[in-house]
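A short write-up of the structure that comes next.
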Amino acid sequence: MAIVSGEPGVGGLSEVVGVLREWQYDRAPMQLHPGDLGWFWRFGAEATAAAVRTWSREGHILAVGLLDHPGLLRLAIAPDAQRDEELARRLVEDVTDPARGVLIEGKVNVEAPMRALVQDLLSENGWNAGEPWTPLRRDLTEPVKDPGVRIEVIGPEQAHVRAAVQRASFDRSTFTEERWHAMAAGSPYADARCLVAYDDEGDAVAAVTVWSAGPGRPGLIEPMGVHREHRGHGHGKAITVAAAAALQRLGSSSAIVCTPSSNIGAVATYQAAGFQPLPEARDKYRDA
């Protein structure tokens with residue numbers, strides 16, 4: 001049977017999230033996680049559905065893509081289909097031709113698992129390797145120590161606090177209380193937690209959202225940020241340790257995160273919190 005591409009619609013998002021959960025396992029190459037869809041859900045269910053693409057054979061989903069923006073497709077591929085030639089060729093055709101309704105014209109990027117055949121075929125078709133990213137992982141089989149600061153799990157009443165720390169941590173952030181509620185209404189958030197760290201003066205200084213993929217599977221940190229007025233005091237390490245502990249309580253086997261390799265400070269923070277760097281990942285890009 002041929003590969004069929006499609007869009008799940010709002011009604012199909014739960015199936016896509018379930019498939020992504022099944023594809024997460026320890027030591028897997030870094031790829032799209034159900035938490036990535038969960039974080040995108042802050043824009044609403046309709047926007048999330050419009051940004052998702054699927055590729056299936058005989059009714060079975062083999063690949064899921066998320067358009068983080070019109071020029072960036074982030075892919076996850078079923079473990080037993082990573083080297084599937086028919087799937088890889090169809091993916092390359094769809095991301096290369098703007099008429100297929102996946103990526104726009106001009107410079108675009110595709111993020112795919114590093115060992116997947118689609119990476120090789122994109123290179124053969126003239127796509128270039130992008131900037132390196134560093135995935136990091138912390139095993140959660142051993143107890144996680146107390147982070148040493150006050151940590152609160154954020155619910156609807158404190159959504160404005162979580163949103164404010166996010167905006168104070170990222171210069172171009174558009175995160176709001178309303179977007180927190182939209183995110184929390186998404187199916188991935190049923191197994192997620194938002195945490196905020198407070199300093200000795202009671203100021204909210206750092207925040208993180210963690211996403212479980214289910215018991216015995218890797219959980220994702222996305223995103224983590226430290227308030228720009230409270231940096232340099234170890235709050236990033238503390239909130240990251242708290243994130244690992246939260247994922248452990250949710251049953252995750254490990255905690256994973258990915259950050260640009262050029263962000264030396266972020267890599268150092270995660271390592272200080274007990275995360276080990278994995279081989280670098282690179283997306284593929286096509287020039288305009």
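Within each chain, counting starts at residue 1; across the structure tokens, chains are named A, B, ... in the order shown, with ligands numbered 1 upward in that order.
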
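Excluding segment 100-103 of chain A itself and any same-chain residue fewer than 2 positions from it, the protein and nucleic acid residues within 10 Å of it, counting only C-alpha atoms, are A:Ser5, A:Gly6, A:Ala51, A:Val52, A:Arg53, A:Gly65, A:Leu66, A:Leu67, A:His69, A:Pro70, A:Gly71, A:Leu72, A:Leu73, A:Leu91, A:Glu93, A:Asp94, A:Val95, A:Thr96, A:Asp97, A:Pro98, A:Glu105, A:Gly106, A:Lys107, A:Val108, A:Asn109, A:Val110.
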
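In terms of minimum interatomic distance to Pro34 of chain A, A:Ala192 ranks closest within A:Ala192, A:Ala168, A:Val149, A:Val118, counting only C-alpha atoms.
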
Filtered DSSP result for segment 50-109 of chain A, state alpha helix (DSSP H), as a PDB file with all heavy atoms, in the first residue's frame:
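Output saved as part-v8.pdb:
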ATOM      1  N   ALA A  50      -4.016  22.319  12.705  1.00  0.00           N
ATOM      2  CA  ALA A  50      -3.591  22.851  11.409  1.00  0.00           C
ATOM      3  C   ALA A  50      -2.094  22.719  11.199  1.00  0.00           C
ATOM      4  O   ALA A  50      -1.616  22.719  10.054  1.00  0.00           O
ATOM      5  CB  ALA A  50      -4.009  24.319  11.293  1.00  0.00           C
ATOM      6  N   ALA A  51      -1.338  22.595  12.295  1.00  0.00           N
ATOM      7  CA  ALA A  51       0.119  22.508  12.203  1.00  0.00           C
ATOM      8  C   ALA A  51       0.638  21.076  12.156  1.00  0.00           C
ATOM      9  O   ALA A  51       1.841  20.865  11.990  1.00  0.00           O
ATOM     10  CB  ALA A  51       0.761  23.233  13.382  1.00  0.00           C
ATOM     11  N   GLU A  85      12.303   2.933   3.192  1.00  0.00           N
ATOM     12  CA  GLU A  85      12.642   3.729   2.011  1.00  0.00           C
ATOM     13  C   GLU A  85      11.413   4.397   1.401  1.00  0.00           C
ATOM     14  O   GLU A  85      11.479   5.563   0.995  1.00  0.00           O
ATOM     15  CB  GLU A  85      13.347   2.867   0.966  1.00  0.00           C
ATOM     16  CG  GLU A  85      13.813   3.676  -0.239  1.00  0.00           C
ATOM     17  CD  GLU A  85      14.694   2.875  -1.192  1.00  0.00           C
ATOM     18  OE1 GLU A  85      15.005   1.707  -0.890  1.00  0.00           O
ATOM     19  OE2 GLU A  85      15.068   3.442  -2.245  1.00  0.00           O
ATOM     20  N   GLU A  86      10.309   3.674   1.313  1.00  0.00           N
ATOM     21  CA  GLU A  86       9.110   4.267   0.724  1.00  0.00           C
ATOM     22  C   GLU A  86       8.654   5.485   1.525  1.00  0.00           C
ATOM     23  O   GLU A  86       8.321   6.533   0.959  1.00  0.00           O
ATOM     24  CB  GLU A  86       7.984   3.240   0.663  1.00  0.00           C
ATOM     25  CG  GLU A  86       6.711   3.776   0.013  1.00  0.00           C
ATOM     26  CD  GLU A  86       5.563   2.788   0.053  1.00  0.00           C
ATOM     27  OE1 GLU A  86       5.537   1.937   0.969  1.00  0.00           O
ATOM     28  OE2 GLU A  86       4.683   2.878  -0.825  1.00  0.00           O
ATOM     29  N   LEU A  87       8.666   5.364   2.831  1.00  0.00           N
ATOM     30  CA  LEU A  87       8.272   6.483   3.689  1.00  0.00           C
ATOM     31  C   LEU A  87       9.248   7.648   3.538  1.00  0.00           C
ATOM     32  O   LEU A  87       8.831   8.807   3.382  1.00  0.00           O
ATOM     33  CB  LEU A  87       8.230   6.030   5.147  1.00  0.00           C
ATOM     34  CG  LEU A  87       7.986   7.140   6.174  1.00  0.00           C
ATOM     35  CD1 LEU A  87       6.618   7.761   6.000  1.00  0.00           C
ATOM     36  CD2 LEU A  87       8.157   6.587   7.597  1.00  0.00           C
ATOM     37  N   ALA A  88      10.548   7.358   3.573  1.00  0.00           N
ATOM     38  CA  ALA A  88      11.541   8.417   3.493  1.00  0.00           C
ATOM     39  C   ALA A  88      11.433   9.188   2.181  1.00  0.00           C
ATOM     40  O   ALA A  88      11.507  10.422   2.160  1.00  0.00           O
ATOM     41  CB  ALA A  88      12.942   7.835   3.664  1.00  0.00           C
ATOM     42  N   ARG A  89      11.246   8.460   1.087  1.00  0.00           N
ATOM     43  CA  ARG A  89      11.132   9.144  -0.208  1.00  0.00           C
ATOM     44  C   ARG A  89       9.870   9.999  -0.271  1.00  0.00           C
ATOM     45  O   ARG A  89       9.889  11.098  -0.831  1.00  0.00           O
ATOM     46  CB  ARG A  89      11.187   8.123  -1.343  1.00  0.00           C
ATOM     47  CG  ARG A  89      12.549   7.451  -1.464  1.00  0.00           C
ATOM     48  CD  ARG A  89      12.735   6.713  -2.774  1.00  0.00           C
ATOM     49  NE  ARG A  89      14.047   6.092  -2.837  1.00  0.00           N
ATOM     50  CZ  ARG A  89      15.187   6.737  -3.109  1.00  0.00           C
ATOM     51  NH1 ARG A  89      15.151   8.035  -3.359  1.00  0.00           N
ATOM     52  NH2 ARG A  89      16.339   6.090  -3.137  1.00  0.00           N
ATOM     53  N   ARG A  90       8.781   9.506   0.284  1.00  0.00           N
ATOM     54  CA  ARG A  90       7.558  10.302   0.286  1.00  0.00           C
ATOM     55  C   ARG A  90       7.726  11.551   1.148  1.00  0.00           C
ATOM     56  O   ARG A  90       7.273  12.654   0.773  1.00  0.00           O
ATOM     57  CB  ARG A  90       6.382   9.472   0.796  1.00  0.00           C
ATOM     58  CG  ARG A  90       5.072  10.242   0.915  1.00  0.00           C
ATOM     59  CD  ARG A  90       4.620  10.834  -0.436  1.00  0.00           C
ATOM     60  NE  ARG A  90       3.450  11.686  -0.270  1.00  0.00           N
ATOM     61  CZ  ARG A  90       2.193  11.256  -0.382  1.00  0.00           C
ATOM     62  NH1 ARG A  90       1.950   9.973  -0.649  1.00  0.00           N
ATOM     63  NH2 ARG A  90       1.192  12.097  -0.225  1.00  0.00           N
ATOM     64  N   LEU A  91       8.399  11.425   2.284  1.00  0.00           N
ATOM     65  CA  LEU A  91       8.647  12.582   3.137  1.00  0.00           C
ATOM     66  C   LEU A  91       9.470  13.634   2.394  1.00  0.00           C
ATOM     67  O   LEU A  91       9.154  14.833   2.442  1.00  0.00           O
ATOM     68  CB  LEU A  91       9.364  12.157   4.418  1.00  0.00           C
ATOM     69  CG  LEU A  91       8.531  11.404   5.453  1.00  0.00           C
ATOM     70  CD1 LEU A  91       9.434  10.817   6.526  1.00  0.00           C
ATOM     71  CD2 LEU A  91       7.483  12.311   6.085  1.00  0.00           C
ATOM     72  N   VAL A  92      10.516  13.190   1.714  1.00  0.00           N
ATOM     73  CA  VAL A  92      11.358  14.131   0.976  1.00  0.00           C
ATOM     74  C   VAL A  92      10.558  14.833  -0.114  1.00  0.00           C
ATOM     75  O   VAL A  92      10.661  16.050  -0.305  1.00  0.00           O
ATOM     76  CB  VAL A  92      12.585  13.405   0.389  1.00  0.00           C
ATOM     77  CG1 VAL A  92      13.348  14.325  -0.562  1.00  0.00           C
ATOM     78  CG2 VAL A  92      13.510  12.932   1.512  1.00  0.00           C
ATOM     79  N   GLU A  93       9.754  14.081  -0.832  1.00  0.00           N
ATOM     80  CA  GLU A  93       8.919  14.689  -1.880  1.00  0.00           C
ATOM     81  C   GLU A  93       7.978  15.737  -1.287  1.00  0.00           C
ATOM     82  O   GLU A  93       7.825  16.839  -1.834  1.00  0.00           O
ATOM     83  CB  GLU A  93       8.105  13.607  -2.589  1.00  0.00           C
ATOM     84  CG  GLU A  93       8.941  12.656  -3.436  1.00  0.00           C
ATOM     85  CD  GLU A  93       8.122  11.470  -3.936  1.00  0.00           C
ATOM     86  OE1 GLU A  93       6.906  11.422  -3.631  1.00  0.00           O
ATOM     87  OE2 GLU A  93       8.701  10.596  -4.608  1.00  0.00           O
ATOM     88  N   ASP A  94       7.366  15.419  -0.166  1.00  0.00           N
ATOM     89  CA  ASP A  94       6.370  16.319   0.410  1.00  0.00           C
ATOM     90  C   ASP A  94       6.991  17.590   0.989  1.00  0.00           C
ATOM     91  O   ASP A  94       6.390  18.665   0.899  1.00  0.00           O
ATOM     92  CB  ASP A  94       5.573  15.594   1.494  1.00  0.00           C
ATOM     93  CG  ASP A  94       4.570  14.604   0.907  1.00  0.00           C
ATOM     94  OD1 ASP A  94       4.410  14.584  -0.324  1.00  0.00           O
ATOM     95  OD2 ASP A  94       3.944  13.859   1.686  1.00  0.00           O
ATOM     96  N   VAL A  95       8.178  17.481   1.590  1.00  0.00           N
ATOM     97  CA  VAL A  95       8.778  18.684   2.173  1.00  0.00           C
ATOM     98  C   VAL A  95       9.494  19.526   1.121  1.00  0.00           C
ATOM     99  O   VAL A  95       9.742  20.723   1.338  1.00  0.00           O
ATOM    100  CB  VAL A  95       9.759  18.336   3.318  1.00  0.00           C
ATOM    101  CG1 VAL A  95       9.043  17.560   4.407  1.00  0.00           C
ATOM    102  CG2 VAL A  95      10.982  17.575   2.821  1.00  0.00           C
ATOM    103  N   THR A  96       9.825  18.919  -0.023  1.00  0.00           N
ATOM    104  CA  THR A  96      10.541  19.642  -1.067  1.00  0.00           C
ATOM    105  C   THR A  96       9.612  20.457  -1.948  1.00  0.00           C
ATOM    106  O   THR A  96       9.969  21.555  -2.400  1.00  0.00           O
ATOM    107  CB  THR A  96      11.349  18.649  -1.933  1.00  0.00           C
ATOM    108  OG1 THR A  96      12.291  17.952  -1.101  1.00  0.00           O
ATOM    109  CG2 THR A  96      12.111  19.376  -3.025  1.00  0.00           C
TER     110      THR A  96
END

Once you count only C-alpha atoms, what closest atom pair and distance in Å to one decimal does each residue of segment 97-158 of chain A within 10 Å of segment 24-31 of chain A have, with rows by chain and rising residue number, as a tab-separated table?
residue	atom	partner	partner_atom	distance
A:Glu111	CA	A:Gln31	CA	7.8
A:Ala112	CA	A:Gln31	CA	6.3
A:Pro113	CA	A:Gln31	CA	5.4
A:Met114	CA	A:Pro29	CA	6.5
A:Arg115	CA	A:Pro29	CA	7.3
A:Ala116	CA	A:Pro29	CA	9.1
A:Thr134	CA	A:Met30	CA	9.6
A:Pro135	CA	A:Met30	CA	6.8
A:Leu136	CA	A:Met30	CA	9.3
A:Arg137	CA	A:Arg27	CA	9.0
A:Asp139	CA	A:Asp26	CA	9.1

Can you pull out the residues contacting Gly155 of chain A? Cut-off 9 Å, using only C-alpha atoms, and skip same-chain residues under 2 positions away; I want them as a short mmCIF file (atom, residue, chain, number, x, y, z; two decimals) with all heavy atoms, in the first residue's frame.
data_model
loop_
_atom_site.label_atom_id
_atom_site.label_comp_id
_atom_site.auth_asym_id
_atom_site.auth_seq_id
_atom_site.Cartn_x
_atom_site.Cartn_y
_atom_site.Cartn_z
N VAL A 153 3.68 23.78 42.24
CA VAL A 153 3.02 23.27 41.05
C VAL A 153 1.90 24.25 40.70
O VAL A 153 1.06 24.57 41.53
CB VAL A 153 2.45 21.86 41.27
CG1 VAL A 153 1.72 21.38 40.02
CG2 VAL A 153 3.56 20.89 41.64
N GLU A 157 -5.28 28.93 39.09
CA GLU A 157 -5.27 30.19 39.84
C GLU A 157 -3.93 30.90 39.77
O GLU A 157 -3.86 32.12 39.98
CB GLU A 157 -5.63 29.93 41.32
CG GLU A 157 -7.02 29.37 41.54
CD GLU A 157 -7.10 27.87 41.27
OE1 GLU A 157 -6.03 27.23 41.08
OE2 GLU A 157 -8.23 27.34 41.22
N GLN A 158 -2.85 30.15 39.50
CA GLN A 158 -1.51 30.76 39.43
C GLN A 158 -0.99 30.86 37.99
O GLN A 158 0.19 31.14 37.78
CB GLN A 158 -0.51 29.95 40.26
CG GLN A 158 -0.81 29.87 41.73
CD GLN A 158 -1.78 28.75 42.06
OE1 GLN A 158 -1.78 27.71 41.40
NE2 GLN A 158 -2.61 28.94 43.07
N ALA A 159 -1.88 30.68 37.02
CA ALA A 159 -1.43 30.70 35.63
C ALA A 159 -0.76 32.01 35.26
O ALA A 159 0.21 32.04 34.48
CB ALA A 159 -2.61 30.44 34.70
N ARG A 193 3.11 19.00 34.02
CA ARG A 193 3.10 19.87 35.19
C ARG A 193 3.86 21.15 34.87
O ARG A 193 4.90 21.12 34.20
CB ARG A 193 3.78 19.20 36.40
CG ARG A 193 3.12 17.92 36.89
CD ARG A 193 1.78 18.16 37.54
NE ARG A 193 1.23 16.93 38.11
CZ ARG A 193 0.48 16.06 37.43
NH1 ARG A 193 0.21 16.29 36.15
NH2 ARG A 193 0.02 14.97 38.02
N CYS A 194 3.35 22.27 35.36
CA CYS A 194 4.09 23.53 35.34
C CYS A 194 4.59 23.81 36.75
O CYS A 194 3.82 23.73 37.73
CB CYS A 194 3.18 24.68 34.88
SG CYS A 194 3.03 24.85 33.11
#
